[in-house]
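Next up, run33.txt (compact mmCIF, C-alpha atoms):
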# COMPACT_ATOMS: atom_id res chain seq x y z
CA MET X 1 98.24 100.18 78.43
CA ASN X 2 99.36 100.30 82.04
CA LYS X 3 101.46 103.17 83.24
CA GLY X 4 105.11 102.27 83.83
CA ARG X 5 106.87 102.14 87.16
CA LEU X 6 109.75 104.30 88.35
CA PHE X 7 112.76 102.48 89.81
CA VAL X 8 115.28 104.50 91.81
CA ILE X 9 118.63 102.71 91.77
CA SER X 10 121.71 103.58 93.82
CA ALA X 11 125.01 101.82 94.40
CA PRO X 12 128.45 102.76 95.70
CA SER X 13 130.96 103.29 92.91
CA GLY X 14 132.77 100.07 92.00
CA THR X 15 129.77 97.87 92.83
CA GLY X 16 129.12 96.90 89.20
CA LYS X 17 125.86 98.79 88.84
CA THR X 18 126.53 99.84 85.24
CA THR X 19 127.19 96.26 84.11
CA ILE X 20 124.13 94.91 85.95
CA LEU X 21 121.88 97.61 84.48
CA LYS X 22 123.20 96.96 80.97
CA VAL X 23 122.47 93.23 81.14
CA VAL X 24 119.06 93.68 82.79
CA MET X 25 117.97 96.26 80.22
CA ASP X 26 119.14 94.04 77.35
CA ASN X 27 117.08 91.16 78.81
CA ILE X 28 113.84 92.86 79.85
CA PRO X 29 111.73 94.70 77.28
CA GLY X 30 109.92 97.87 78.30
CA LEU X 31 112.67 99.15 80.58
CA ALA X 32 114.40 102.48 79.87
CA PHE X 33 116.70 104.98 81.52
CA SER X 34 115.20 108.31 82.45
CA ILE X 35 116.27 111.01 80.01
CA SER X 36 118.08 113.85 81.77
CA HIS X 37 118.15 117.51 80.89
CA THR X 38 121.61 118.97 80.47
CA THR X 39 123.23 122.28 79.58
CA ARG X 40 126.25 120.65 77.99
CA LEU X 41 126.46 120.52 74.21
CA PRO X 42 125.47 117.34 72.34
CA ARG X 43 128.37 115.09 71.40
CA PRO X 44 128.49 113.61 67.88
CA GLY X 45 125.74 111.02 67.53
CA GLU X 46 123.75 112.20 70.56
CA GLU X 47 120.12 112.92 69.84
CA ASN X 48 117.96 115.48 71.59
CA GLY X 49 115.12 113.79 73.49
CA VAL X 50 116.80 110.39 73.21
CA ASP X 51 120.19 110.66 74.95
CA TYR X 52 119.45 113.91 76.74
CA HIS X 53 117.13 116.86 76.59
CA PHE X 54 119.63 119.56 75.59
CA VAL X 55 118.73 122.99 76.96
CA SER X 56 120.44 126.34 77.55
CA HIS X 57 121.61 127.48 80.98
CA ASP X 58 118.73 129.98 80.99
CA GLU X 59 116.11 127.34 80.28
CA PHE X 60 117.63 125.06 82.90
CA ARG X 61 117.65 127.79 85.56
CA GLN X 62 114.04 128.63 84.75
CA MET X 63 113.10 124.97 85.16
CA ILE X 64 114.78 124.96 88.58
CA THR X 65 112.77 128.06 89.57
CA GLN X 66 109.58 126.37 88.45
CA ASP X 67 110.41 123.30 90.55
CA MET X 68 110.38 121.07 87.48
CA PHE X 69 113.25 118.81 88.51
CA LEU X 70 113.06 115.67 90.60
CA GLU X 71 116.73 116.28 91.29
CA HIS X 72 119.56 118.18 89.63
CA ALA X 73 123.28 118.70 90.08
CA GLU X 74 126.19 120.66 88.66
CA VAL X 75 129.07 118.64 87.22
CA HIS X 76 132.13 120.37 85.65
CA ASP X 77 130.25 123.65 85.05
CA ASN X 78 127.36 121.87 83.39
CA LEU X 79 123.93 121.31 84.87
CA TYR X 80 122.23 117.91 84.80
CA GLY X 81 118.74 117.18 86.04
CA THR X 82 115.81 114.78 85.84
CA SER X 83 112.58 116.58 85.11
CA ARG X 84 109.36 115.24 86.53
CA GLU X 85 107.68 115.76 83.15
CA ALA X 86 110.31 113.78 81.21
CA VAL X 87 109.87 110.84 83.58
CA GLU X 88 106.07 111.09 83.48
CA THR X 89 106.13 111.05 79.68
CA GLN X 90 108.09 107.79 79.65
CA LEU X 91 105.86 106.25 82.35
CA ASP X 92 102.76 107.24 80.38
CA GLU X 93 104.21 105.42 77.37
CA GLY X 94 104.10 102.28 79.54
CA LEU X 95 107.86 102.17 80.06
CA ASP X 96 109.38 101.21 83.39
CA VAL X 97 111.93 103.93 84.03
CA ILE X 98 115.31 103.52 85.72
CA LEU X 99 116.50 106.58 87.62
CA ASP X 100 120.15 105.93 88.39
CA ILE X 101 121.13 108.37 91.15
CA ASP X 102 123.26 108.49 94.29
CA VAL X 103 121.88 108.21 97.81
CA GLN X 104 121.64 112.00 98.21
CA GLY X 105 119.63 112.24 94.98
CA ALA X 106 117.41 109.39 96.18
CA ASP X 107 116.80 111.29 99.44
CA ILE X 108 115.53 114.26 97.44
CA VAL X 109 113.25 112.06 95.31
CA ARG X 110 111.97 110.43 98.50
CA ARG X 111 110.74 113.78 99.77
CA ASP X 112 108.61 114.25 96.65
CA LYS X 113 105.28 112.83 97.73
CA ARG X 114 103.86 113.02 94.21
CA LEU X 115 105.99 109.99 93.37
CA ASP X 116 105.85 106.41 94.55
CA PRO X 117 108.96 104.76 93.08
CA THR X 118 110.46 101.40 93.88
CA TYR X 119 113.83 101.89 95.61
CA LEU X 120 116.59 99.38 94.96
CA PHE X 121 120.12 99.46 96.33
CA ILE X 122 122.97 97.49 94.79
CA SER X 123 125.73 96.69 97.24
CA PRO X 124 129.08 94.93 97.12
CA PRO X 125 129.11 91.85 99.41
CA ASN X 126 131.19 93.86 101.91
CA LEU X 127 133.76 96.65 102.08
CA SER X 128 136.87 94.48 101.85
CA GLU X 129 135.52 92.85 98.68
CA LEU X 130 134.92 96.33 97.25
CA GLU X 131 138.48 97.30 98.16
CA LYS X 132 139.81 94.19 96.43
CA ARG X 133 137.86 95.10 93.27
CA LEU X 134 139.03 98.72 93.28
CA VAL X 135 142.67 97.70 93.84
CA GLY X 136 142.31 94.98 91.21
CA ARG X 137 141.28 97.52 88.57
CA GLY X 138 144.69 99.16 89.04
CA THR X 139 143.38 102.49 87.75
CA GLU X 140 143.54 104.52 90.96
CA ASP X 141 146.08 105.37 93.66
CA GLU X 142 145.77 104.43 97.33
CA GLU X 143 144.44 107.79 98.41
CA ARG X 144 141.69 107.78 95.80
CA ILE X 145 140.70 104.22 96.73
CA ALA X 146 140.56 105.17 100.43
CA LEU X 147 138.24 108.06 99.51
CA ARG X 148 135.98 105.79 97.46
CA LEU X 149 135.81 103.24 100.29
CA ASN X 150 134.90 105.93 102.75
CA ASN X 151 132.11 107.16 100.47
CA ALA X 152 130.93 103.59 99.93
CA LYS X 153 130.70 103.08 103.69
CA THR X 154 128.48 106.16 104.06
CA GLU X 155 126.32 105.09 101.13
CA MET X 156 125.93 101.51 102.34
CA LYS X 157 124.54 102.82 105.62
CA ALA X 158 121.84 104.62 103.59
CA ALA X 159 120.80 101.28 102.06
CA ASN X 160 118.42 101.01 105.02
CA LYS X 161 116.05 103.30 103.18
CA TYR X 162 115.73 101.13 100.07
CA GLU X 163 112.97 98.56 99.67
CA TYR X 164 115.12 96.06 97.79
CA LEU X 165 118.73 95.10 98.31
CA VAL X 166 120.68 93.33 95.57
CA ILE X 167 124.12 92.18 96.71
CA ASN X 168 126.50 91.88 93.77
CA ASP X 169 128.56 88.86 94.74
CA GLN X 170 128.13 86.91 91.49
CA LEU X 171 127.12 89.08 88.52
CA GLU X 172 124.72 86.48 87.14
CA GLU X 173 122.86 86.20 90.44
CA ALA X 174 122.70 89.96 90.87
CA VAL X 175 121.24 90.31 87.36
CA GLU X 176 118.68 87.59 88.13
CA LEU X 177 117.62 89.28 91.37
CA PHE X 178 117.40 92.73 89.80
CA SER X 179 115.33 91.36 86.91
CA ALA X 180 113.10 89.54 89.40
CA VAL X 181 112.35 92.79 91.21
CA VAL X 182 111.29 94.47 87.95
CA LEU X 183 109.09 91.53 86.90
CA ALA X 184 107.57 91.11 90.37
CA GLU X 185 106.70 94.80 90.53
CA ARG X 186 104.95 94.33 87.20
CA ALA X 187 103.01 91.37 88.63
CA LYS X 188 101.67 93.43 91.54
CA ALA X 189 97.95 92.97 91.18
CA HIS X 190 96.91 96.59 91.76
CA ARG X 191 99.30 97.65 89.01
CA LEU X 192 98.00 95.15 86.47
CA ARG X 193 94.49 96.19 87.25
CA ASN X 194 95.29 99.87 86.97
CA GLY X 195 92.56 100.69 89.46
CA LYS X 196 89.98 98.47 87.74
CA PRO X 197 88.26 95.55 89.48
CA ILE X 198 89.86 92.30 88.42
CA GLY X 199 86.64 91.15 86.78
CA GLU X 200 86.95 93.81 84.14
CA ILE X 201 90.27 92.55 82.89
CA LEU X 202 89.88 88.80 83.39
CA ILE X 203 86.25 87.71 83.18
CA MET A 204 120.10 82.04 108.45
CA ASN A 205 117.09 84.14 107.60
CA LYS A 206 113.60 82.89 108.33
CA GLY A 207 111.70 81.77 105.24
CA ARG A 208 108.64 83.39 103.78
CA LEU A 209 105.14 82.00 103.47
CA PHE A 210 103.49 82.19 100.04
CA VAL A 211 99.74 81.63 99.82
CA ILE A 212 98.86 80.50 96.30
CA SER A 213 95.38 80.12 94.82
CA ALA A 214 94.12 79.47 91.32
CA PRO A 215 90.89 78.32 89.72
CA SER A 216 91.02 74.66 88.72
CA GLY A 217 92.30 74.22 85.18
CA THR A 218 94.60 77.25 85.36
CA GLY A 219 97.81 75.20 85.30
CA LYS A 220 98.83 75.92 88.89
CA THR A 221 100.22 72.42 89.50
CA THR A 222 102.48 72.56 86.43
CA ILE A 223 103.70 76.08 87.25
CA LEU A 224 104.46 75.12 90.86
CA LYS A 225 106.33 72.01 89.77
CA VAL A 226 108.61 73.91 87.39
CA VAL A 227 109.19 76.80 89.81
CA MET A 228 110.08 74.45 92.66
CA ASP A 229 112.46 72.49 90.43
CA ASN A 230 114.18 75.75 89.46
CA ILE A 231 114.41 77.62 92.75
CA PRO A 232 116.24 76.09 95.70
CA GLY A 233 114.91 76.65 99.22
CA LEU A 234 111.24 76.46 98.24
CA ALA A 235 108.96 73.77 99.71
CA PHE A 236 105.32 72.87 100.02
CA SER A 237 103.79 73.12 103.46
CA ILE A 238 103.36 69.69 105.03
CA SER A 239 99.73 69.01 105.90
CA HIS A 240 98.33 66.93 108.72
CA THR A 241 95.91 64.23 107.64
CA THR A 242 93.87 61.47 109.19
CA ARG A 243 94.08 59.26 106.12
CA LEU A 244 96.48 56.31 106.17
CA PRO A 245 99.90 56.61 104.52
CA ARG A 246 100.10 55.19 101.00
CA PRO A 247 103.07 53.00 100.06
CA GLY A 248 106.19 55.16 99.90
CA GLU A 249 104.70 58.06 101.84
CA GLU A 250 106.79 59.19 104.78
CA ASN A 251 105.49 60.71 107.99
CA GLY A 252 106.72 64.31 108.38
CA VAL A 253 107.78 64.45 104.73
CA ASP A 254 104.66 63.88 102.62
CA TYR A 255 102.19 64.43 105.45
CA HIS A 256 102.01 64.43 109.20
CA PHE A 257 99.86 61.34 109.73
CA VAL A 258 97.66 61.59 112.82
CA SER A 259 94.58 59.88 114.24
CA HIS A 260 91.10 61.41 114.12
CA ASP A 261 91.38 62.02 117.86
CA GLU A 262 94.66 63.86 117.56
CA PHE A 263 93.33 65.91 114.66
CA ARG A 264 90.18 66.91 116.53
CA GLN A 265 92.24 67.89 119.55
CA MET A 266 94.44 70.08 117.33
CA ILE A 267 91.28 71.77 116.00
CA THR A 268 90.13 72.44 119.56
CA GLN A 269 93.51 73.92 120.41
CA ASP A 270 93.32 76.23 117.38
CA MET A 271 96.48 74.74 115.91
CA PHE A 272 95.41 74.84 112.26
CA LEU A 273 95.82 77.70 109.84
CA GLU A 274 93.04 76.04 107.90
CA HIS A 275 91.55 72.58 107.68
CA ALA A 276 88.94 70.74 105.67
CA GLU A 277 87.23 67.38 105.38
CA VAL A 278 87.61 65.50 102.10
CA HIS A 279 86.06 62.04 101.56
CA ASP A 280 85.75 61.34 105.32
CA ASN A 281 89.35 62.29 105.96
CA LEU A 282 90.58 65.46 107.61
CA TYR A 283 93.33 67.58 106.11
CA GLY A 284 94.85 70.67 107.69
CA THR A 285 97.85 72.97 107.76
CA SER A 286 99.16 73.44 111.27
CA ARG A 287 100.75 76.74 112.21
CA GLU A 288 103.58 74.87 113.92
CA ALA A 289 104.42 72.73 110.87
CA VAL A 290 104.67 75.87 108.73
CA GLU A 291 106.73 77.71 111.37
CA THR A 292 109.18 74.78 111.58
CA GLN A 293 109.81 74.95 107.84
CA LEU A 294 110.11 78.74 107.89
CA ASP A 295 112.60 78.51 110.79
CA GLU A 296 114.69 76.14 108.69
CA GLY A 297 115.00 79.03 106.22
CA LEU A 298 112.64 77.47 103.67
CA ASP A 299 110.17 79.56 101.73
CA VAL A 300 106.89 77.69 102.10
CA ILE A 301 104.15 77.34 99.49
CA LEU A 302 100.66 77.02 100.92
CA ASP A 303 98.49 75.91 98.02
CA ILE A 304 94.89 76.60 99.03
CA ASP A 305 91.63 77.80 97.52
CA VAL A 306 90.28 81.33 97.94
CA GLN A 307 88.14 80.34 100.94
CA GLY A 308 91.21 78.87 102.67
CA ALA A 309 93.16 82.02 101.85
CA ASP A 310 90.40 84.11 103.45
CA ILE A 311 90.83 82.14 106.67
CA VAL A 312 94.62 82.55 106.62
CA ARG A 313 94.12 86.28 105.97
CA ARG A 314 92.20 86.64 109.21
CA ASP A 315 95.16 85.20 111.18
CA LYS A 316 97.05 88.32 112.15
CA ARG A 317 100.02 86.33 113.46
CA LEU A 318 100.97 85.67 109.85
CA ASP A 319 102.20 87.98 107.13
CA PRO A 320 102.28 85.83 103.99
CA THR A 321 102.72 86.91 100.40
CA TYR A 322 99.49 86.27 98.49
CA LEU A 323 99.71 85.24 94.85
CA PHE A 324 96.85 84.41 92.52
CA ILE A 325 97.29 82.47 89.30
CA SER A 326 94.63 83.19 86.74
CA PRO A 327 93.78 82.00 83.25
CA PRO A 328 93.93 84.88 80.73
CA ASN A 329 90.12 84.94 80.74
CA LEU A 330 87.10 82.70 81.18
CA SER A 331 86.69 81.69 77.54
CA GLU A 332 90.33 80.60 77.39
CA LEU A 333 89.75 78.50 80.54
CA GLU A 334 86.66 76.96 78.93
CA LYS A 335 88.70 76.11 75.82
CA ARG A 336 91.31 74.38 78.00
CA LEU A 337 88.73 72.40 79.98
CA VAL A 338 86.91 71.31 76.82
CA GLY A 339 90.26 70.49 75.19
CA ARG A 340 91.13 68.06 77.97
CA GLY A 341 88.08 66.03 77.01
CA THR A 342 87.86 64.50 80.48
CA GLU A 343 84.64 66.11 81.68
CA ASP A 344 81.08 66.51 80.46
CA GLU A 345 79.40 69.82 79.68
CA GLU A 346 77.64 70.11 83.02
CA ARG A 347 80.85 69.56 84.99
CA ILE A 348 82.68 72.11 82.84
CA ALA A 349 79.91 74.65 83.39
CA LEU A 350 80.25 74.09 87.15
CA ARG A 351 84.01 74.58 87.02
CA LEU A 352 83.64 77.76 84.99
CA ASN A 353 81.13 79.11 87.45
CA ASN A 354 83.48 78.39 90.35
CA ALA A 355 86.38 79.93 88.44
CA LYS A 356 84.34 83.10 87.92
CA THR A 357 83.71 83.40 91.67
CA GLU A 358 87.36 82.71 92.45
CA MET A 359 88.67 85.18 89.88
CA LYS A 360 86.63 87.90 91.56
CA ALA A 361 88.50 87.12 94.81
CA ALA A 362 91.82 87.76 93.04
CA ASN A 363 91.36 91.36 94.17
CA LYS A 364 92.65 90.35 97.58
CA TYR A 365 95.97 88.95 96.34
CA GLU A 366 99.13 91.06 96.21
CA TYR A 367 100.46 89.42 93.05
CA LEU A 368 98.64 88.28 89.97
CA VAL A 369 100.27 85.83 87.56
CA ILE A 370 98.26 85.32 84.40
CA ASN A 371 98.97 81.94 82.84
CA ASP A 372 98.82 82.72 79.16
CA GLN A 373 102.17 81.20 78.18
CA LEU A 374 103.49 78.66 80.69
CA GLU A 375 107.08 79.84 80.36
CA GLU A 376 106.14 83.44 81.11
CA ALA A 377 103.96 82.45 84.03
CA VAL A 378 106.83 80.41 85.50
CA GLU A 379 109.19 83.35 85.03
CA LEU A 380 106.80 85.75 86.77
CA PHE A 381 106.10 83.38 89.64
CA SER A 382 109.83 82.79 90.14
CA ALA A 383 110.43 86.54 90.01
CA VAL A 384 107.96 87.10 92.83
CA VAL A 385 109.75 84.55 95.04
CA LEU A 386 113.20 86.00 94.29
CA ALA A 387 112.05 89.61 94.69
CA GLU A 388 110.46 88.82 98.04
CA ARG A 389 113.84 87.39 99.07
CA ALA A 390 115.55 90.61 97.94
CA LYS A 391 113.32 92.76 100.16
CA ALA A 392 115.88 94.62 102.23
CA HIS A 393 114.15 94.24 105.61
CA ARG A 394 114.04 90.48 105.09
CA LEU A 395 117.72 90.17 104.19
CA ARG A 396 118.64 92.25 107.19
CA ASN A 397 116.43 90.24 109.51
CA GLY A 398 115.93 93.29 111.71
CA LYS A 399 119.64 94.20 111.82
CA PRO A 400 120.97 97.53 110.58
CA ILE A 401 122.49 97.10 107.15
CA GLY A 402 125.97 97.98 108.47
CA GLU A 403 126.08 94.79 110.49
CA ILE A 404 125.71 92.57 107.47
CA LEU A 405 127.56 94.56 104.79
CA ILE A 406 130.29 96.74 106.28
Serialized structure, C-alpha cells:
Amino acid sequence: MNKGRLFVISAPSGTGKTTILKVVMDNIPGLAFSISHTTRLPRPGEENGVDYHFVSHDEFRQMITQDMFLEHAEVHDNLYGTSREAVETQLDEGLDVILDIDVQGADIVRRDKRLDPTYLFISPPNLSELEKRLVGRGTEDEERIALRLNNAKTEMKAANKYEYLVINDQLEEAVELFSAVVLAERAKAHRLRNGKPIGEILI
Amino acid sequence: MNKGRLFVISAPSGTGKTTILKVVMDNIPGLAFSISHTTRLPRPGEENGVDYHFVSHDEFRQMITQDMFLEHAEVHDNLYGTSREAVETQLDEGLDVILDIDVQGADIVRRDKRLDPTYLFISPPNLSELEKRLVGRGTEDEERIALRLNNAKTEMKAANKYEYLVINDQLEEAVELFSAVVLAERAKAHRLRNGKPIGEILI
C-alpha cells in the first residue's frame, strides 16, 4: 500500500469550505480528516481516536513540550492540536489526510521541513461576493461582518503561498476542482511508484 | 485570459490512449490537440490550419533548418512535425494543448528548455494484460504481437520520466484520472494568477 498524502486546506470563513469538504469526502474514498487532540470532554456519541484523541491538560502540555504537535491552539479554555504522530498513523494506513487549518496554522506547518503536504486554498470569487453571502445569511450584525471581511482580506493575501487555488463561485465546479487536485496528486508517478522503478510495478 | 498549458502524452500501443483522449476531450472544454505540419496532401474534408498545417517538402525542410519543430518524423515518405509556433498560438488562445507523441518524441521535447509541459504517461496495468488485449483484438499475428509487447516494455521503462502516471485498468477510472490531472493543473495557483499577486484577481 502507498502512503497517503497530507492536504493542508485553508479558506476565509464564509467561503463554503465545510460544504465543499463534505461533498468531496463523500465522493472520494480513502480521504479522511486529521484527528485532533483536545482537552475538552467527549460529547455524547464522540469516540476517542475517531472524533478526537481526548487527553488531559497535563498530557497535552507534555506533548507541547515534546514538540509533538504540528500546530495547536487554545479555544474557550480548551486546547486543540494536531499531533504529527496522529497524522503519520493515518498516512501510513494509506489514507489521504485533510488538515483543515487557518493561514496562520498553515504557516506553522510550512516551517516543519519533515512534512511535504499539498497546500490548497479555497477562496470566494472576490470580497464583495463574500460580503453578499455573509449579509445574505442574516445571522450576523454589520460590525461582525466588517470584521470577517477584514480577516478574509488578510487571509486571501496569504493565498499566494498555496500550491492550488480553488475559487468557490459555483459549488459544483469547486467540488470538481478540489476532487481533481486530490486525484491528480494520487496520479503523480513518484507517489504511485513509492520510490520503486516503474518496471517493478508495471512489467 | 490565461495562457494554456501543454500536456505531453505517451502510451504504449494498445493501451487505450486514443479512447481515453477522445472521452476526456469531449468532457473538458478548452482542450485541443496540437496541430501538426505535414507534407502529405489534404484528404477530402481536411482543413488547412484545423486538421493539419499543409506545407510543401521545401517549406518543411526549411522549417527543420530554422529549428522550428518541437519534434518531427518521416512516415511513409511524408514528413510530420509539431512546430513550436503552432503550439504557442494555441496556448496563447488559452487552450490547453495535447501533444500525443511516443517516448522518443517526448525525450526530444524534454530537451527543449523553452518549454515547461506537463508529462503524462498512460500505461496498461501490466504486460500480460496488454498481451491479453492485443490477442483479444485478433487483428495481428503472434510475431507482430511479440514485437508490440517488446516495444511496450521499453516504453513502460521510460514512464519514469513522466510526472503523472495513469494506469488504464478500467476505462472510466483512467478517464477520471486523466481529467483530474488537466483540471488540477488549471487550479495551480501560479497559473491562475498568471504572475499577478493574488490580491489583484481576488480582492
Open item on the list: Residues of chain A were defined as contacting chain X if any atom lay at most 7 Å from it, counting all atoms listed in the file; please report them as number ranges by chain.
Closed with: A: 328-330, 356, 360, 362-363, 365-369, 380, 383-384, 386-387, 390-392, 401-402, 405-406
- [ ] Find the spatial neighbours of Val75 in chain X, counting all atoms listed in the file, within a cut-off of 12 Å - ignore same-chain residues fewer than 3 positions away - and output them as an MDAnalysis selection string.
- [x] chainID X and resid 38:40 72 78:81
Task: Shell around Ala32 in chain X at 12 Å using all atoms listed in the file, local window under 6 positions removed, as a VMD selection string - done: chain X and resid 4 to 7 21 to 22 24 to 26 50 to 51 87 89 to 91 93 to 100 182
Which residues come within 10 Å of Leu41 in chain X, counting only C-alpha atoms, excluding same-chain residues fewer than 2 positions away, as a PDB file with C-alpha atoms, in the coordinates of the input?
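Result written to part_9.pdb:
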ATOM      1  CA  THR X  38     121.610 118.970  80.470  1.00  0.00           C
ATOM      2  CA  THR X  39     123.230 122.280  79.580  1.00  0.00           C
ATOM      3  CA  ARG X  43     128.370 115.090  71.400  1.00  0.00           C
ATOM      4  CA  PRO X  44     128.490 113.610  67.880  1.00  0.00           C
ATOM      5  CA  GLU X  46     123.750 112.200  70.560  1.00  0.00           C
ATOM      6  CA  TYR X  52     119.450 113.910  76.740  1.00  0.00           C
ATOM      7  CA  PHE X  54     119.630 119.560  75.590  1.00  0.00           C
ATOM      8  CA  VAL X  55     118.730 122.990  76.960  1.00  0.00           C
ATOM      9  CA  SER X  56     120.440 126.340  77.550  1.00  0.00           C
ATOM     10  CA  ASN X  78     127.360 121.870  83.390  1.00  0.00           C
TER      11      ASN X  78
END
Open item on the list: I'd like the neighbourhood of Arg148 in chain X as an MDAnalysis selection string, where a residue qualifies if any of its atoms comes within 12 Å (using all atoms listed in the file), though same-chain residues fewer than 5 positions away should be ignored.
Closed with: chainID X and resid 12:15 127 130:131 133:135 140:143 153:156
Task: For CA of His260 in chain A and CA of Ala309 in chain A, the interatomic separation in Å (one decimal) - done: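 Distance between the two atoms: 24.1 Å.
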Some atoms are absent from range 273-291 of chain A, so rebuild N, CA, C and O atoms and return them as a PDB file, in the coordinates of the input.
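Saved result, selection-v8.pdb, follows:
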ATOM      1  N   LEU A 273      96.046  76.495 110.646  1.00  0.00           N
ATOM      2  CA  LEU A 273      95.820  77.700 109.840  1.00  0.00           C
ATOM      3  C   LEU A 273      94.518  77.557 109.105  1.00  0.00           C
ATOM      4  O   LEU A 273      93.741  78.499 108.977  1.00  0.00           O
ATOM      5  N   GLU A 274      94.300  76.344 108.580  1.00  0.00           N
ATOM      6  CA  GLU A 274      93.040  76.040 107.900  1.00  0.00           C
ATOM      7  C   GLU A 274      92.943  74.526 107.850  1.00  0.00           C
ATOM      8  O   GLU A 274      93.946  73.831 107.889  1.00  0.00           O
ATOM      9  N   HIS A 275      91.730  74.025 107.814  1.00  0.00           N
ATOM     10  CA  HIS A 275      91.550  72.580 107.680  1.00  0.00           C
ATOM     11  C   HIS A 275      90.229  72.294 106.976  1.00  0.00           C
ATOM     12  O   HIS A 275      89.353  73.160 106.898  1.00  0.00           O
ATOM     13  N   ALA A 276      90.135  71.090 106.424  1.00  0.00           N
ATOM     14  CA  ALA A 276      88.940  70.740 105.670  1.00  0.00           C
ATOM     15  C   ALA A 276      88.750  69.231 105.692  1.00  0.00           C
ATOM     16  O   ALA A 276      89.697  68.476 105.946  1.00  0.00           O
ATOM     17  N   GLU A 277      87.523  68.803 105.441  1.00  0.00           N
ATOM     18  CA  GLU A 277      87.230  67.380 105.380  1.00  0.00           C
ATOM     19  C   GLU A 277      87.033  66.986 103.924  1.00  0.00           C
ATOM     20  O   GLU A 277      86.294  67.646 103.188  1.00  0.00           O
ATOM     21  N   VAL A 278      87.739  65.977 103.485  1.00  0.00           N
ATOM     22  CA  VAL A 278      87.610  65.500 102.100  1.00  0.00           C
ATOM     23  C   VAL A 278      87.448  63.983 102.118  1.00  0.00           C
ATOM     24  O   VAL A 278      88.329  63.268 102.615  1.00  0.00           O
ATOM     25  N   HIS A 279      86.329  63.493 101.592  1.00  0.00           N
ATOM     26  CA  HIS A 279      86.060  62.040 101.560  1.00  0.00           C
ATOM     27  C   HIS A 279      86.287  61.384 102.922  1.00  0.00           C
ATOM     28  O   HIS A 279      87.070  60.438 103.035  1.00  0.00           O
ATOM     29  N   ASP A 280      85.674  61.911 103.965  1.00  0.00           N
ATOM     30  CA  ASP A 280      85.750  61.340 105.320  1.00  0.00           C
ATOM     31  C   ASP A 280      87.107  61.480 105.985  1.00  0.00           C
ATOM     32  O   ASP A 280      87.302  61.013 107.111  1.00  0.00           O
ATOM     33  N   ASN A 281      88.069  62.055 105.296  1.00  0.00           N
ATOM     34  CA  ASN A 281      89.350  62.290 105.960  1.00  0.00           C
ATOM     35  C   ASN A 281      89.562  63.770 106.205  1.00  0.00           C
ATOM     36  O   ASN A 281      89.073  64.613 105.451  1.00  0.00           O
ATOM     37  N   LEU A 282      90.296  64.064 107.271  1.00  0.00           N
ATOM     38  CA  LEU A 282      90.580  65.460 107.610  1.00  0.00           C
ATOM     39  C   LEU A 282      91.972  65.842 107.121  1.00  0.00           C
ATOM     40  O   LEU A 282      92.920  65.044 107.219  1.00  0.00           O
ATOM     41  N   TYR A 283      92.056  67.025 106.578  1.00  0.00           N
ATOM     42  CA  TYR A 283      93.330  67.580 106.110  1.00  0.00           C
ATOM     43  C   TYR A 283      93.474  68.979 106.709  1.00  0.00           C
ATOM     44  O   TYR A 283      92.496  69.722 106.751  1.00  0.00           O
ATOM     45  N   GLY A 284      94.674  69.316 107.164  1.00  0.00           N
ATOM     46  CA  GLY A 284      94.850  70.670 107.690  1.00  0.00           C
ATOM     47  C   GLY A 284      96.309  71.099 107.680  1.00  0.00           C
ATOM     48  O   GLY A 284      97.219  70.273 107.618  1.00  0.00           O
ATOM     49  N   THR A 285      96.496  72.417 107.703  1.00  0.00           N
ATOM     50  CA  THR A 285      97.850  72.970 107.760  1.00  0.00           C
ATOM     51  C   THR A 285      98.049  73.528 109.157  1.00  0.00           C
ATOM     52  O   THR A 285      97.355  74.476 109.535  1.00  0.00           O
ATOM     53  N   SER A 286      98.959  72.931 109.918  1.00  0.00           N
ATOM     54  CA  SER A 286      99.160  73.440 111.270  1.00  0.00           C
ATOM     55  C   SER A 286     100.155  74.596 111.247  1.00  0.00           C
ATOM     56  O   SER A 286     101.103  74.614 110.466  1.00  0.00           O
ATOM     57  N   ARG A 287      99.877  75.573 112.084  1.00  0.00           N
ATOM     58  CA  ARG A 287     100.750  76.740 112.210  1.00  0.00           C
ATOM     59  C   ARG A 287     102.165  76.296 112.557  1.00  0.00           C
ATOM     60  O   ARG A 287     103.144  76.798 112.013  1.00  0.00           O
ATOM     61  N   GLU A 288     102.278  75.317 113.443  1.00  0.00           N
ATOM     62  CA  GLU A 288     103.580  74.870 113.920  1.00  0.00           C
ATOM     63  C   GLU A 288     104.396  74.208 112.794  1.00  0.00           C
ATOM     64  O   GLU A 288     105.599  74.428 112.678  1.00  0.00           O
ATOM     65  N   ALA A 289     103.717  73.392 111.979  1.00  0.00           N
ATOM     66  CA  ALA A 289     104.420  72.730 110.870  1.00  0.00           C
ATOM     67  C   ALA A 289     105.005  73.767 109.919  1.00  0.00           C
ATOM     68  O   ALA A 289     106.154  73.647 109.464  1.00  0.00           O
ATOM     69  N   VAL A 290     104.196  74.812 109.625  1.00  0.00           N
ATOM     70  CA  VAL A 290     104.670  75.870 108.730  1.00  0.00           C
ATOM     71  C   VAL A 290     105.836  76.615 109.385  1.00  0.00           C
ATOM     72  O   VAL A 290     106.879  76.847 108.762  1.00  0.00           O
ATOM     73  N   GLU A 291     105.679  76.961 110.666  1.00  0.00           N
ATOM     74  CA  GLU A 291     106.730  77.710 111.370  1.00  0.00           C
ATOM     75  C   GLU A 291     108.048  76.939 111.382  1.00  0.00           C
ATOM     76  O   GLU A 291     109.118  77.525 111.242  1.00  0.00           O
TER      77      GLU A 291
END
